[in-house]
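Visitor: The structure's right below; bear with me while I get my questions together.
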Amino acid sequence: MFISVYLWLHFVQFMQTKNLASLGRIFGIVVRITAPIRRWTGSTGGRAPYRHPQRQLRRLMRLERPARATGKKIVVIVGGGFAGLNAAKQLANAPGVHVILVDQRNHHLFQPLLYQVATAGLNPADIAVPIRAQFRHVPNIDIHLGRVEGVNLQQRVVFGGELEIGYDYLVLACGARHSYFGHTEWEDFAPGLKTLEQATEIRRRILSAFELAENEIDPDRQKAFLTFVVVGAGPTGVELAGAIADISRTAMRGDFRRIDPAQARVVLVEAGPRVLAFFSELLSERAKRDLVELGVEVWTGSQVERIDADGVTIGSQKLLAHSVFWAAGVEAARLRIQPPVETDRAGRIKVTGDFSVPGQPNVFVVGDMASFEIAPGKLLPGLAPAAIQGGRYAAAMILRDIDHQPRTLFSYRDKGQMATIGKSRAIAEKGRLALTGRAASRGSGSCATELMRRVGGQEENASAEPAVSGRSARNWHAA
Ligand SMILES: Cc1cc2nc3c(=O)[nH]c(=O)nc-3n(C[C@H](O)[C@H](O)[C@H](O)COP(=O)(O)OP(=O)(O)OC[C@H]3O[C@@H](n4cnc5c(N)ncnc54)[C@H](O)[C@@H]3O)c2cc1C
């Protein structure tokens with residue numbers, strides 16, 4: 001009452017005298033009486049408030065405050081890939097929880113079909129789903145475009161660039177990136193296949209190599225333009241090499257006058273003794289035979305020593321090639337985490353049996369970023385189903401915590417693995433069941449369909465799966 005009268009008097013005085021000092025007094029008292037409310041909504045739960053080095057970057061901090069005022073638990077998810085997106089979906093509309101999902105890109109990327117974009121079988125929009133659109137009608141989920149650089153576990157804050165968000169629960173799901181085994185200088189000459197930008201760059205390089213070869217009169221240079229080297233014979237390398245061989249022998253047939261695209265040399269280089277080493281020896285041998293039939297040269301036991309603008313050096317041999325692509329090694333995405341957490345050799349964060357960081361039960365790491373032992377010495381594989389299951393499980397454990405229920409054990413449902421070789425061949429393995437040839441290739445289609453459906457928003461593409469490989473012929477010019 002007294003405050004209202006006091007404010008009113010100063011307001012009347014200001015209106016009569018237009019003296020700014022009266023307005024200043026009104027402002028001062030409003031600031032003072034709202035201070036406890038502001039302190040409460042920006043509360044850090046009794047801990048000392050974290051201070052971002054750049055004060056002007058406090059914009060995002062405010063976004064968690066409305067949810068704090070409602071008493072909801074703030075769950076921050078970093079990464080909208082298979083793991084992060086599925087964690088968020090599990091928490092959608094859950095009472096008592098407000099989710100802030102941060103990703104450095106505005107889309108979820110369906111990585112298993114990246115090689116199709118790289119070889120002009122699909123367009124980028126076919127395999128990218130806007131993250132925001134997934135949660136259009138979900139009021140308890142906020143999406144933020146931003147790159148997280150690190151986490152302060154003591155202050156319970158994630159930060160980076162223009163970002164600073166406090167959390168009650170944190171789910172780290174940043175995935176993996178390429179590793180050039182210490183030779184970062186190779187990256188410019190041999191891009192990897194992890195993002196849409198890299199896929200479109202590979203596509204540009206493949207398609208322009210044929211054009212440059214057509215325009216070239218020097219036979220040696222023409223040969224180098226028509227030589228494609230893929231380093232690493234895991235699923236990505238095998239799929240990429242197979243698809244390049246396929247389009248050069250089918251989709252491009254008859255399109256050039258001075259070169260025969262079918263003469264393109266596709267070399268798949270692998271340091272280990274066999275291709276697709278995670279498959280049984282029998283299937284690995286079958287994959288190699290399929291690749292050779294497609295026209296791919298398979299060089300196993302070949303360690304790359306140097307990659308430069310002219311090509312690849314293997315032992316004493318120099319393979320002159322205009323286009324080299326990297327599919328040899330990955331390591332987990334790295335964040336600055338304070339205090340530091342234990343990681344394995346591939347940079348994955350070691351987690352306990354419930355995907356939480358040891359000693360930090362409210363911090364989960366899932367997907368390709370986590371080093372999770374499913375059996376002694378056996379890690380959860382870096383596959384989409386493992387990421388999906390991990391993301392959902394972490395979210396379910398958060399909900400159990402909030403409900404004061406004990407956490408349950410995680411059990412991995414192995415959905416098997418497969419690799420596509422060219423347009424119509426594949427190998428697939430689940431436990432002791434093995435499939436090859438067209439049957440497996442149909443299986444790979446249904447697996448992709450199932451994954452796409454789970455990601456959501458891609459049903460149209462999924463149902464058009466048989467057209468995916470057929471599209472090569474139509475799309476390859478559109479690079
Ligand atoms: C070419 C290729 C082919 C594959 N084929 C298959 C296959 O056939 N079958 C299969 O099961 N698996 C396949 N995989 C593996 C599968 O895609 C991964 O296991 C899966 O994507 C892992 O999911 P994730 O959520 O951990 O990471 P991702 O799906 O990689 O998602 C990570 C997300 O985190 C975001 N992010 C990263 N760092 C930051 C940061 N600092 N701040 C904010 N956001 C960040 C990224 O933008 C991304 O959206 C393939 C992978 C590749 C690259």
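Chain identifiers are assigned as A, B, and so on, following the order in which chains appear in the structure tokens; residues are numbered from 1 within each chain, and ligands are numbered from 1 in order of appearance.
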Give me the residues of chain A that have any atom at most 7 Å from an atom of ligand 1; for each, the nearest atom pair and the distance in Å, rounded to one decimal. Use only C-alpha atoms and all ligand atoms, sort by chain and number, and format it as a tab-separated table.
Guide:
residue	atom	partner	partner_atom_place_in_ligand_line	distance
A:Val78	CA	ligand 1	43 (C)	5.5
A:Gly79	CA	ligand 1	34 (O)	3.3
A:Gly80	CA	ligand 1	49 (O)	4.4
A:Gly81	CA	ligand 1	31 (O)	3.2
A:Phe82	CA	ligand 1	25 (O)	3.8
A:Ala83	CA	ligand 1	25 (O)	3.7
A:Gly84	CA	ligand 1	25 (O)	5.5
A:Val102	CA	ligand 1	43 (C)	5.6
A:Asp103	CA	ligand 1	44 (N)	3.6
A:Gln104	CA	ligand 1	44 (N)	4.2
A:Arg105	CA	ligand 1	47 (O)	5.1
A:His107	CA	ligand 1	49 (O)	6.9
A:His108	CA	ligand 1	49 (O)	5.5
A:Leu109	CA	ligand 1	49 (O)	6.5
A:Phe110	CA	ligand 1	17 (O)	6.7
A:Gln111	CA	ligand 1	17 (O)	4.6
A:Pro112	CA	ligand 1	5 (N)	3.4
A:Leu113	CA	ligand 1	3 (C)	6.4
A:Leu114	CA	ligand 1	1 (C)	5.3
A:Tyr115	CA	ligand 1	1 (C)	6.0
A:Gly146	CA	ligand 1	43 (C)	5.8
A:Arg147	CA	ligand 1	42 (N)	3.7
A:Val148	CA	ligand 1	42 (N)	3.9
A:Glu149	CA	ligand 1	41 (N)	5.4
A:Ala173	CA	ligand 1	26 (O)	5.3
A:Cys174	CA	ligand 1	34 (O)	3.5
A:Gly175	CA	ligand 1	27 (O)	3.3
A:Ala176	CA	ligand 1	30 (O)	5.6
A:Leu193	CA	ligand 1	1 (C)	5.3
A:Lys194	CA	ligand 1	53 (C)	4.4
A:Pro235	CA	ligand 1	5 (N)	6.7
A:Thr236	CA	ligand 1	1 (C)	5.0
A:Ala333	CA	ligand 1	38 (N)	5.9
A:Leu335	CA	ligand 1	41 (N)	6.5
A:Val366	CA	ligand 1	26 (O)	6.3
A:Gly367	CA	ligand 1	26 (O)	3.3
A:Asp368	CA	ligand 1	26 (O)	3.9
A:Met369	CA	ligand 1	26 (O)	5.8
A:Gly382	CA	ligand 1	19 (O)	4.2
A:Leu383	CA	ligand 1	19 (O)	3.4
A:Ala384	CA	ligand 1	11 (O)	3.8
A:Pro385	CA	ligand 1	11 (O)	5.6
A:Ala387	CA	ligand 1	23 (O)	5.0
A:Gln417	CA	ligand 1	9 (N)	6.7
A:Met418	CA	ligand 1	8 (O)	6.4
A:Ala419	CA	ligand 1	8 (O)	6.3
Visitor: Residues near Gly431 in chain A, anyone? I mean within 10 Å using only C-alpha atoms, not counting same-chain ones fewer than 6 positions away, as a list in words.
Guide: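 Listing them by chain and then by number gives Asp414, Lys415, Gly416 and Gln417 of chain A.
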Visitor: Let's have the selection written as a PDB file, in the first residue's frame, with N, CA and C atoms.
Guide:
ATOM      1  N   ASP A 414      20.040 -56.065 -30.156  1.00  0.00           N
ATOM      2  CA  ASP A 414      20.872 -56.059 -31.358  1.00  0.00           C
ATOM      3  C   ASP A 414      19.996 -56.234 -32.593  1.00  0.00           C
ATOM      4  N   LYS A 415      19.976 -55.231 -33.446  1.00  0.00           N
ATOM      5  CA  LYS A 415      19.138 -55.303 -34.652  1.00  0.00           C
ATOM      6  C   LYS A 415      19.938 -55.801 -35.844  1.00  0.00           C
ATOM      7  N   GLY A 416      21.184 -56.177 -35.597  1.00  0.00           N
ATOM      8  CA  GLY A 416      22.003 -56.679 -36.705  1.00  0.00           C
ATOM      9  C   GLY A 416      22.703 -55.549 -37.439  1.00  0.00           C
ATOM     10  N   GLN A 417      23.455 -55.917 -38.463  1.00  0.00           N
ATOM     11  CA  GLN A 417      24.172 -54.901 -39.228  1.00  0.00           C
ATOM     12  C   GLN A 417      24.144 -55.263 -40.704  1.00  0.00           C
TER      13      GLN A 417
END
Visitor: In Å to one decimal, how far is CA of Ser179 in chain A from CA of Ser356 in chain A?
Guide: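 Going from CA of Ser356 in chain A over to CA of Ser179 in chain A, I get 25.2 Å.
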Visitor: DSSP on the backbone: what in range 119-351 of chain A comes out alpha helix (DSSP H), as a ChimeraX atom specification?
Guide: /A:131-134,196-215,219-225,235-249,281-294
Visitor: Which is closer to Leu153 in chain A than all the others in A:Leu435, A:Val351, A:Val341, A:Ile247, using only C-alpha atoms?
Guide: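 Counting only C-alpha atoms, the residue closest to Leu153 in chain A is A:Val341.
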Visitor: Give me the residues within 12 Å of Asp401 in chain A as a ChimeraX atom specification, counting only C-alpha atoms and dropping any in the same chain fewer than 2 places off.
Guide: /A:73,96-97,168-169,361-362,394-399,403-408
Visitor: Since we have the selection now, will you write its residues out, keeping N, CA and C atoms, as a CSV table (one decimal), in the first residue's frame?
Guide:
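Contents of the output file result.csv:
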chain,number,residue,atom,x,y,z
A,73,LYS,N,11.9,-29.5,-13.9
A,73,LYS,CA,13.3,-29.9,-14.0
A,73,LYS,C,13.8,-29.5,-15.4
A,96,GLY,N,6.5,-32.0,-15.4
A,96,GLY,CA,7.6,-31.8,-14.5
A,96,GLY,C,8.9,-31.7,-15.2
A,97,VAL,N,8.9,-31.7,-16.5
A,97,VAL,CA,10.2,-31.6,-17.3
A,97,VAL,C,10.1,-30.5,-18.4
A,168,ASP,N,19.3,-29.3,-14.8
A,168,ASP,CA,19.2,-30.2,-13.7
A,168,ASP,C,19.7,-31.6,-14.2
A,169,TYR,N,19.3,-31.9,-15.5
A,169,TYR,CA,19.8,-33.1,-16.1
A,169,TYR,C,20.4,-32.8,-17.4
A,361,PRO,N,25.4,-38.6,-11.5
A,361,PRO,CA,24.2,-39.4,-11.9
A,361,PRO,C,23.2,-38.6,-12.8
A,362,ASN,N,23.3,-37.3,-12.8
A,362,ASN,CA,22.4,-36.5,-13.6
A,362,ASN,C,23.0,-36.1,-15.0
A,394,ALA,N,18.1,-43.1,-21.5
A,394,ALA,CA,18.5,-42.0,-20.6
A,394,ALA,C,17.3,-41.2,-20.2
A,395,ALA,N,16.5,-40.9,-21.2
A,395,ALA,CA,15.3,-40.1,-20.9
A,395,ALA,C,14.4,-40.8,-20.0
A,396,ALA,N,14.2,-42.1,-20.2
A,396,ALA,CA,13.3,-42.9,-19.3
A,396,ALA,C,13.9,-42.8,-17.8
A,397,MET,N,15.2,-42.9,-17.7
A,397,MET,CA,15.8,-42.9,-16.3
A,397,MET,C,15.6,-41.5,-15.7
A,398,ILE,N,15.6,-40.4,-16.5
A,398,ILE,CA,15.4,-39.1,-15.9
A,398,ILE,C,13.9,-39.1,-15.4
A,399,LEU,N,13.0,-39.6,-16.1
A,399,LEU,CA,11.6,-39.6,-15.7
A,399,LEU,C,11.5,-40.4,-14.4
A,403,ASP,N,10.2,-39.3,-10.7
A,403,ASP,CA,9.1,-40.0,-10.0
A,403,ASP,C,9.5,-40.8,-8.8
A,404,HIS,N,10.8,-40.6,-8.4
A,404,HIS,CA,11.4,-41.3,-7.3
A,404,HIS,C,11.3,-42.8,-7.4
A,405,GLN,N,11.5,-43.2,-8.6
A,405,GLN,CA,11.6,-44.7,-8.9
A,405,GLN,C,13.0,-45.0,-9.1
A,406,PRO,N,13.4,-46.3,-8.7
A,406,PRO,CA,14.8,-46.7,-9.0
A,406,PRO,C,15.1,-46.8,-10.5
A,407,ARG,N,16.3,-46.6,-10.8
A,407,ARG,CA,16.7,-46.8,-12.2
A,407,ARG,C,16.7,-48.3,-12.6
A,408,THR,N,16.4,-48.6,-13.9
A,408,THR,CA,16.4,-50.0,-14.3
A,408,THR,C,17.7,-50.3,-15.1
Visitor: Write down as a ChimeraX atom specification the residues belonging to range 338-389 of chain A that are assigned strand (DSSP E) by DSSP computed on the backbone.
Guide: /A:338,349-350,356-357,360-365,370-371,373-375,378-379
Visitor: Could you please determine the separation between CA of Val99 in chain A and CA of Gly390 in chain A in Å, to one decimal place?
Guide: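 Interatomic distance here is 17.2 Å.
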